[in-house]
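Notes for the one structure printed next.
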Amino acid sequence: MKLFEKLRSLLRGLYYLFFRPYKGFIKEEQIIKGKYYSKESPLKRIDETTIIVMIDGRSIHGGLTDRLRGITTIYQYCKQKGLNFKLNYVYPFKLQDYLAPNSYNWIIEEKDISYNSEQTAVVVLNDYQLDVSLHRFYLGSVICKNQGKQIHLYTNTYFLDKKFSASFDEMFQPTAPLLAAIEYNQKQIGNKFIAMVFRFQQLLGDFKEEGYKILSDNEQGALIKKCIGEVKELHDERHPNKIILVTSDSGRFLQEITKQLDYVRIIPGNVVHMDHTANAASDTFMKSFEDMLLLSKADKIYLLQTGDMYHSGFAKRAAMINKKTYEEVVF
């Protein structure tokens, strides 16, 4: 069955690549035909072919770690190919408010971005549209045809995922406010801990993510009880006497688990989905970065999943930052 699904995905991808008029996806056509790109837009100075990863709200970008895997993969690709790489991360916040450039300066100013259709090419490269095994080929073909232009890339690709840790380290360092928040919370948690991650989406009714169901009150109570029971079992059987950092998209679940288990620690604050929340306060967005970077300091990270809970990549990506042990528990 897996072989059949893989073959179907590849054939679908090849259809998109070779048989559609735009050699791409409808989202690319929509962006190109939108109000931003035209032959009349001001020309900008472009000294070399430049790949700009665009996180600007004109497409679905995914959650934080979906965005970061695309960014780091394209950075590594550009590094290998000797291409100029920049990142325009401005939706729903500026990334440099939380993560600053480290050894590579990826920032590009808005005034330096061209929206002249003669100087740019738009590429949408997501795993849910095109099989990842075809991403490098598609991107390479676009670059070959658009030498000397800006290539505006909307992507969550991960075809160079093995380089994620190195790329993340070269690209990013926490800003002073984020670093202070991490250090404060780590003092509350301690230096030796394990971590467990729960992703409920809208199941518990306290997290906005359009298109997903909300359980009844009784079902919500049963799910919370089952998840807390699994944390207790893992703690007692595998990690007695260990502090457990628990992160989740449900504030209700976090409040309930800290009432019942005295060895559980949480990071205060609310979590939001970045594609569905445009006007949250800066400390709300900071919570996602705190969660991710504190998870990366754990001795081991678990993703726990049951029923209709979401198989999130957040825990795995956090583990990859510092190459920590990661395990998925389905119960």
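Following the order of the structure tokens, chains are lettered A, B, ..., residues in each are numbered from 1, and ligands are numbered from 1.
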
May I have the residues within 9 Å of Leu178 (chain A) as a compact mmCIF listing (two decimals) with N, CA and C atoms, in the first residue's frame, using only C-alpha atoms and disregarding those fewer than 5 positions away in the same chain?
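around.txt, written as the output of this step:
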```
# COMPACT_ATOMS: atom_id res chain seq x y z
N ASP A 97 12.30 39.48 15.27
CA ASP A 97 11.89 39.88 16.62
C ASP A 97 12.14 38.75 17.62
N TYR A 98 12.30 37.53 17.11
CA TYR A 98 12.48 36.36 17.98
C TYR A 98 13.77 35.61 17.69
N LEU A 99 14.07 35.42 16.41
CA LEU A 99 15.32 34.77 16.01
C LEU A 99 16.11 35.73 15.14
N GLU A 183 15.81 31.43 29.57
CA GLU A 183 16.61 31.25 30.78
C GLU A 183 15.74 31.28 32.03
N MET A 286 5.79 34.57 20.93
CA MET A 286 7.03 34.15 21.58
C MET A 286 6.87 32.79 22.25
N PHE A 289 8.16 29.91 20.23
CA PHE A 289 9.62 29.83 20.20
C PHE A 289 10.18 29.32 21.53
N GLU A 290 9.59 29.77 22.63
CA GLU A 290 10.00 29.26 23.94
C GLU A 290 9.79 27.76 24.02
```

Check your understanding: From the set A:Val271, A:Gly34, A:Val124, A:Gly307, which residue has the shortest atom-to-atom contact distance to Val53 (chain A), counting only C-alpha atoms?
Key -> A:Val124

Practice item. Would you list the contacts of region 76-83 of chain A as a PyMOL selection string, taking every protein, DNA or RNA residue within 8 Å and counting only C-alpha atoms, but skipping same-chain residues closer than 2 positions in sequence? Key: chain A and resi 49-51+72-74+85+160+163+167

Review point. Where does DSSP see alpha helix (DSSP H) in region 54-235 of chain A, if you list the residues as an MDAnalysis selection string?
Key: chainID A and resid 64:81 135:145 164:171 176:189 217:235

Got time to write the residues from that selection, C-alpha atoms, as a PDB file, in the first residue's frame?
```pdb
ATOM      1  CA  LEU A  64       6.380  27.328  12.979  1.00  0.00           C
ATOM      2  CA  THR A  65       8.346  24.142  12.375  1.00  0.00           C
ATOM      3  CA  ASP A  66       6.820  23.634   8.902  1.00  0.00           C
ATOM      4  CA  ARG A  67       8.137  27.069   8.055  1.00  0.00           C
ATOM      5  CA  LEU A  68      11.559  26.453   9.589  1.00  0.00           C
ATOM      6  CA  ARG A  69      12.129  23.167   7.774  1.00  0.00           C
ATOM      7  CA  GLY A  70      11.465  24.883   4.436  1.00  0.00           C
ATOM      8  CA  ILE A  71      13.684  27.829   5.313  1.00  0.00           C
ATOM      9  CA  THR A  72      16.638  25.715   6.440  1.00  0.00           C
ATOM     10  CA  THR A  73      16.392  23.326   3.490  1.00  0.00           C
ATOM     11  CA  ILE A  74      16.448  26.147   0.951  1.00  0.00           C
ATOM     12  CA  TYR A  75      19.273  27.880   2.816  1.00  0.00           C
ATOM     13  CA  GLN A  76      21.315  24.686   2.647  1.00  0.00           C
ATOM     14  CA  TYR A  77      20.438  24.200  -1.025  1.00  0.00           C
ATOM     15  CA  CYS A  78      21.598  27.738  -1.841  1.00  0.00           C
ATOM     16  CA  LYS A  79      24.778  27.178   0.145  1.00  0.00           C
ATOM     17  CA  GLN A  80      25.530  24.046  -1.868  1.00  0.00           C
ATOM     18  CA  LYS A  81      24.757  25.744  -5.184  1.00  0.00           C
ATOM     19  CA  HIS A 135      11.282  19.314  -5.214  1.00  0.00           C
ATOM     20  CA  ARG A 136      14.985  19.690  -5.965  1.00  0.00           C
ATOM     21  CA  PHE A 137      14.401  18.977  -9.667  1.00  0.00           C
ATOM     22  CA  TYR A 138      11.529  21.458  -9.940  1.00  0.00           C
ATOM     23  CA  LEU A 139      13.402  24.203  -8.110  1.00  0.00           C
ATOM     24  CA  GLY A 140      16.521  23.637 -10.193  1.00  0.00           C
ATOM     25  CA  SER A 141      14.541  23.916 -13.418  1.00  0.00           C
ATOM     26  CA  VAL A 142      13.010  27.234 -12.323  1.00  0.00           C
ATOM     27  CA  ILE A 143      16.405  28.639 -11.342  1.00  0.00           C
ATOM     28  CA  CYS A 144      17.916  27.561 -14.668  1.00  0.00           C
ATOM     29  CA  LYS A 145      15.232  29.505 -16.562  1.00  0.00           C
ATOM     30  CA  PHE A 164      18.542  20.872   9.688  1.00  0.00           C
ATOM     31  CA  SER A 165      20.577  21.142  12.892  1.00  0.00           C
ATOM     32  CA  ALA A 166      23.624  22.656  11.190  1.00  0.00           C
ATOM     33  CA  SER A 167      21.500  25.040   9.114  1.00  0.00           C
ATOM     34  CA  PHE A 168      19.466  26.162  12.128  1.00  0.00           C
ATOM     35  CA  ASP A 169      22.643  26.887  14.079  1.00  0.00           C
ATOM     36  CA  GLU A 170      24.209  28.879  11.238  1.00  0.00           C
ATOM     37  CA  MET A 171      21.079  30.898  10.585  1.00  0.00           C
ATOM     38  CA  ALA A 176      17.682  39.086  23.881  1.00  0.00           C
ATOM     39  CA  PRO A 177      13.992  38.995  24.981  1.00  0.00           C
ATOM     40  CA  LEU A 178      13.558  35.387  23.839  1.00  0.00           C
ATOM     41  CA  LEU A 179      16.818  34.313  25.458  1.00  0.00           C
ATOM     42  CA  ALA A 180      15.784  35.941  28.733  1.00  0.00           C
ATOM     43  CA  ALA A 181      12.422  34.118  28.627  1.00  0.00           C
ATOM     44  CA  ILE A 182      14.130  30.783  27.943  1.00  0.00           C
ATOM     45  CA  GLU A 183      16.609  31.255  30.779  1.00  0.00           C
ATOM     46  CA  TYR A 184      13.835  32.245  33.196  1.00  0.00           C
ATOM     47  CA  ASN A 185      11.702  29.215  32.350  1.00  0.00           C
ATOM     48  CA  GLN A 186      14.624  26.820  32.448  1.00  0.00           C
ATOM     49  CA  LYS A 187      15.343  27.908  36.019  1.00  0.00           C
ATOM     50  CA  GLN A 188      11.811  26.828  36.908  1.00  0.00           C
ATOM     51  CA  ILE A 189      12.221  23.494  35.110  1.00  0.00           C
ATOM     52  CA  ASP A 217     -17.841  17.914  26.686  1.00  0.00           C
ATOM     53  CA  ASN A 218     -17.856  14.266  27.766  1.00  0.00           C
ATOM     54  CA  GLU A 219     -15.437  13.272  25.014  1.00  0.00           C
ATOM     55  CA  GLN A 220     -13.123  16.134  25.915  1.00  0.00           C
ATOM     56  CA  GLY A 221     -13.038  15.059  29.562  1.00  0.00           C
ATOM     57  CA  ALA A 222     -12.318  11.456  28.603  1.00  0.00           C
ATOM     58  CA  LEU A 223      -9.496  12.479  26.263  1.00  0.00           C
ATOM     59  CA  ILE A 224      -7.830  14.684  28.880  1.00  0.00           C
ATOM     60  CA  LYS A 225      -8.049  11.869  31.431  1.00  0.00           C
ATOM     61  CA  LYS A 226      -6.555   9.359  28.991  1.00  0.00           C
ATOM     62  CA  CYS A 227      -3.636  11.652  28.096  1.00  0.00           C
ATOM     63  CA  ILE A 228      -2.803  12.435  31.721  1.00  0.00           C
ATOM     64  CA  GLY A 229      -2.921   8.729  32.476  1.00  0.00           C
ATOM     65  CA  GLU A 230      -0.380   8.043  29.722  1.00  0.00           C
ATOM     66  CA  VAL A 231       1.977  10.705  31.077  1.00  0.00           C
ATOM     67  CA  LYS A 232       1.752   9.133  34.544  1.00  0.00           C
ATOM     68  CA  GLU A 233       2.420   5.669  33.127  1.00  0.00           C
ATOM     69  CA  LEU A 234       5.454   6.777  31.119  1.00  0.00           C
ATOM     70  CA  HIS A 235       6.827   8.649  34.107  1.00  0.00           C
TER      71      HIS A 235
END
```

Check your understanding: In Å to one decimal, how far is CA of Gln119 (chain A) from CA of Asn84 (chain A)?
Key ->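 So the two atoms, CA of Asn84 (chain A) and CA of Gln119 (chain A), lie 15.3 Å apart.
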
Review point. Hey, what does DSSP flag as strand (DSSP E or B) within region 114-331 of chain A? Can you give it to me as a PyMOL selection string?
Key: chain A and resi 116+120-125+150-155+172-174+193-198+243-248+264-265+300-305+325-330

Point to revise | Close residues, Gly313 (chain A) itself excluded, 12 Å, only C-alpha atoms, min 2 positions apart in chain, as JSON, numbers by chain | key: {"A": [62, 63, 64, 65, 66, 67, 68, 69, 156, 158, 197, 198, 199, 292, 301, 302, 303, 304, 305, 310, 311, 315, 316, 317, 318, 319, 320, 326, 327, 328]}

Closest contacts (region 98-215 of chain A/region 240-251 of chain A, max 7 Å, only C-alpha atoms) as a Markdown table:
```
| residue | atom | partner | partner_atom | distance |
| --- | --- | --- | --- | --- |
| A:Phe193 | CA | A:Ile243 | CA | 5.0 |
| A:Ile194 | CA | A:Ile244 | CA | 5.1 |
| A:Ala195 | CA | A:Leu245 | CA | 4.5 |
| A:Met196 | CA | A:Val246 | CA | 4.9 |
| A:Val197 | CA | A:Thr247 | CA | 5.0 |
| A:Phe198 | CA | A:Ser248 | CA | 4.8 |
| A:Arg199 | CA | A:Ser248 | CA | 5.6 |
| A:Phe200 | CA | A:Asp249 | CA | 6.5 |
| A:Gln201 | CA | A:Asp249 | CA | 6.8 |
| A:Asp206 | CA | A:Ser250 | CA | 6.1 |
| A:Phe207 | CA | A:Ser250 | CA | 6.2 |
```

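With only C-alpha atoms as the atoms that count, the residue of A:Asn322, A:Thr175, A:Ser114, A:Ser41 with the shortest distance to Ile151 (chain A) is A:Ser114.
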